[in-house]
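Asker: File follows, protein27.cif with mmCIF, C-alpha atoms:
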```cif
data_coords
#
loop_
_atom_site.label_atom_id
_atom_site.label_comp_id
_atom_site.auth_asym_id
_atom_site.auth_seq_id
_atom_site.Cartn_x
_atom_site.Cartn_y
_atom_site.Cartn_z
CA MET A 135 -59.64 -99.55 40.02
CA SER A 136 -59.24 -99.64 43.79
CA GLY A 137 -60.77 -97.29 46.38
CA ASP A 138 -57.89 -94.78 46.00
CA GLY A 139 -58.40 -94.62 42.24
CA LEU A 140 -55.31 -96.76 41.56
CA PRO A 141 -55.06 -99.75 39.27
CA PRO A 142 -55.20 -103.02 41.29
CA GLY A 143 -51.48 -103.81 40.74
CA ILE A 144 -50.33 -100.43 42.04
CA ALA A 145 -52.82 -100.57 44.92
CA ALA A 146 -51.40 -103.96 45.96
CA ILE A 147 -47.84 -102.63 45.80
CA MET A 148 -48.78 -99.56 47.84
CA ALA A 149 -50.56 -101.75 50.44
CA ALA A 150 -47.45 -103.92 50.78
CA LEU A 151 -45.27 -100.81 51.17
CA ARG A 152 -47.60 -99.40 53.83
CA GLN A 153 -47.35 -102.67 55.81
CA GLU A 154 -43.57 -102.64 55.50
CA VAL A 155 -43.32 -99.04 56.68
CA ALA A 156 -45.75 -99.64 59.57
CA ALA A 157 -43.82 -102.69 60.82
CA PRO A 158 -41.49 -102.01 63.75
CA PRO A 159 -37.84 -101.78 62.69
CA GLU A 160 -35.67 -104.81 63.25
CA PRO A 161 -33.08 -104.29 66.00
CA LEU A 162 -29.54 -103.82 64.80
CA PRO A 163 -27.17 -106.64 65.68
CA ASP A 164 -24.74 -105.79 68.43
CA GLU A 165 -21.55 -104.60 66.87
CA GLU A 166 -18.33 -105.98 68.19
CA PRO A 167 -16.05 -103.31 69.63
CA ALA A 168 -13.35 -102.20 67.26
CA GLU A 169 -9.83 -103.06 68.24
CA PRO A 170 -7.71 -100.03 69.07
CA ALA A 171 -5.49 -98.92 66.23
CA ALA A 172 -1.82 -99.64 66.58
CA VAL A 173 0.22 -96.54 67.37
CA PRO A 174 3.09 -96.05 64.94
CA PRO A 175 6.47 -95.94 66.69
CA ASP A 176 7.25 -92.46 65.29
CA ALA A 177 3.96 -90.93 66.55
CA PRO A 178 4.30 -87.95 68.90
CA PRO A 179 3.38 -88.53 72.55
CA ALA A 180 -0.29 -87.88 73.28
CA ALA A 181 0.58 -84.94 75.52
CA THR A 182 2.01 -83.01 72.55
CA ILE A 183 -1.12 -83.36 70.39
CA PRO A 184 -3.10 -80.12 70.63
CA PRO A 185 -6.84 -80.21 71.38
CA PRO A 186 -9.21 -79.68 68.45
CA PRO A 187 -10.00 -76.09 67.55
CA PRO A 188 -13.14 -74.72 69.23
CA ALA A 189 -15.06 -74.62 65.93
CA LEU A 190 -14.79 -78.41 65.62
CA ALA A 191 -16.02 -78.85 69.19
CA ILE A 192 -19.03 -76.61 68.43
CA ASP A 193 -19.77 -78.57 65.25
CA ALA A 194 -19.71 -81.84 67.16
CA GLU A 195 -21.97 -80.38 69.84
CA ALA A 196 -24.42 -79.07 67.22
CA ARG A 197 -24.48 -82.50 65.52
CA ALA A 198 -25.17 -84.19 68.85
CA LEU A 199 -28.05 -81.81 69.57
CA LEU A 200 -29.55 -81.97 66.07
CA ALA A 201 -29.34 -85.75 65.60
CA PRO A 202 -32.37 -86.62 67.80
CA MET A 203 -34.45 -83.85 66.23
CA LEU A 204 -33.56 -84.99 62.72
CA LYS A 205 -34.35 -88.63 63.62
CA ASP A 206 -37.74 -87.60 65.02
CA TRP A 207 -38.56 -85.57 61.90
CA LEU A 208 -37.53 -88.43 59.63
CA ASP A 209 -39.55 -90.94 61.66
CA ARG A 210 -42.65 -88.74 61.27
CA ASN A 211 -42.23 -87.64 57.64
CA LEU A 212 -40.15 -90.17 55.73
CA PRO A 213 -42.88 -92.82 55.26
CA GLU A 214 -45.17 -90.28 53.57
CA ILE A 215 -42.33 -88.91 51.42
CA VAL A 216 -41.34 -92.42 50.31
CA GLU A 217 -44.95 -93.37 49.61
CA ARG A 218 -45.54 -90.25 47.46
CA THR A 219 -42.29 -90.81 45.59
CA VAL A 220 -42.94 -94.51 44.97
CA LEU A 221 -46.50 -93.82 43.84
CA ALA A 222 -45.30 -91.12 41.43
CA GLU A 223 -42.62 -93.45 40.04
CA LEU A 224 -45.07 -96.33 39.65
CA ARG A 225 -47.49 -94.06 37.85
CA ARG A 226 -44.68 -92.84 35.60
CA LEU A 227 -43.59 -96.38 34.79
CA THR A 228 -47.11 -97.67 34.13
CA GLY A 229 -48.19 -94.61 32.14
CA ASP A 230 -50.95 -93.66 34.61
CA ALA A 231 -50.99 -89.89 34.97
#
```
Spit out the file's structure as structure tokens when you get a sec.

Answerer:
Amino acid sequence: MSGDGLPPGIAAIMAALRQEVAAPPEPLPDEEPAEPAAVPPDAPPAATIPPPPPALAIDAEARALLAPMLKDWLDRNLPEIVERTVLAELRRLTGDA
């Protein structure tokens, strides 16, 4: 058994997972800009399209404000959650209680 009381195989897997989680994320490739959608000939002129209802604008604003907070929380907590979940699943699969 290893220092954490885990069988050597599980300890090795957990060590590899810890290294993977601790590694800096790879940058996303630059996405090419999407081409504008073709406007159907029978579409109403843009001036006649009403603005979105205020509730939708508030939802979008709330999403924009919450996104950085959610990302920060996930960055701080997700590695531990994943590690606990993986360890529990490995123990379940190997019969270690």

Asker: Would you compute the box with edges along x, y and z of the file around range 140-156 of chain A, including every atom the file lists for it and 5 Å extra on each side, and give its centre and edge lengths in Å to one decimal, as AutoDock Vina command-line options?

Answerer:
```
--center_x -49.3 --center_y -100.4 --center_z 49.4 --size_x 22.0 --size_y 17.2 --size_z 30.3
```

Asker: Mind listing as an MDAnalysis selection string all residues within 9 Å of (-50.7, -96.0, 44.0), counting all atoms listed in the file?

Answerer: chainID A and resid 138:149 217:218 220:222 224:225

Asker: Would you work out the distance separating CA of Ile215 in chain A from CA of Glu154 in chain A, expressed in Å to one decimal?

Answerer: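 If I compute the distance from CA of Ile215 in chain A to CA of Glu154 in chain A, I get 14.4 Å.
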
Asker: Quick one: pull the distance between CA of Ala196 in chain A and CA of Asp209 in chain A, Å, one decimal.

Answerer: 20.0 Å

Asker: Any idea what the distance is between CA of Thr219 in chain A and CA of Arg197 in chain A?

Answerer: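 These two atoms are separated by 28.0 Å.
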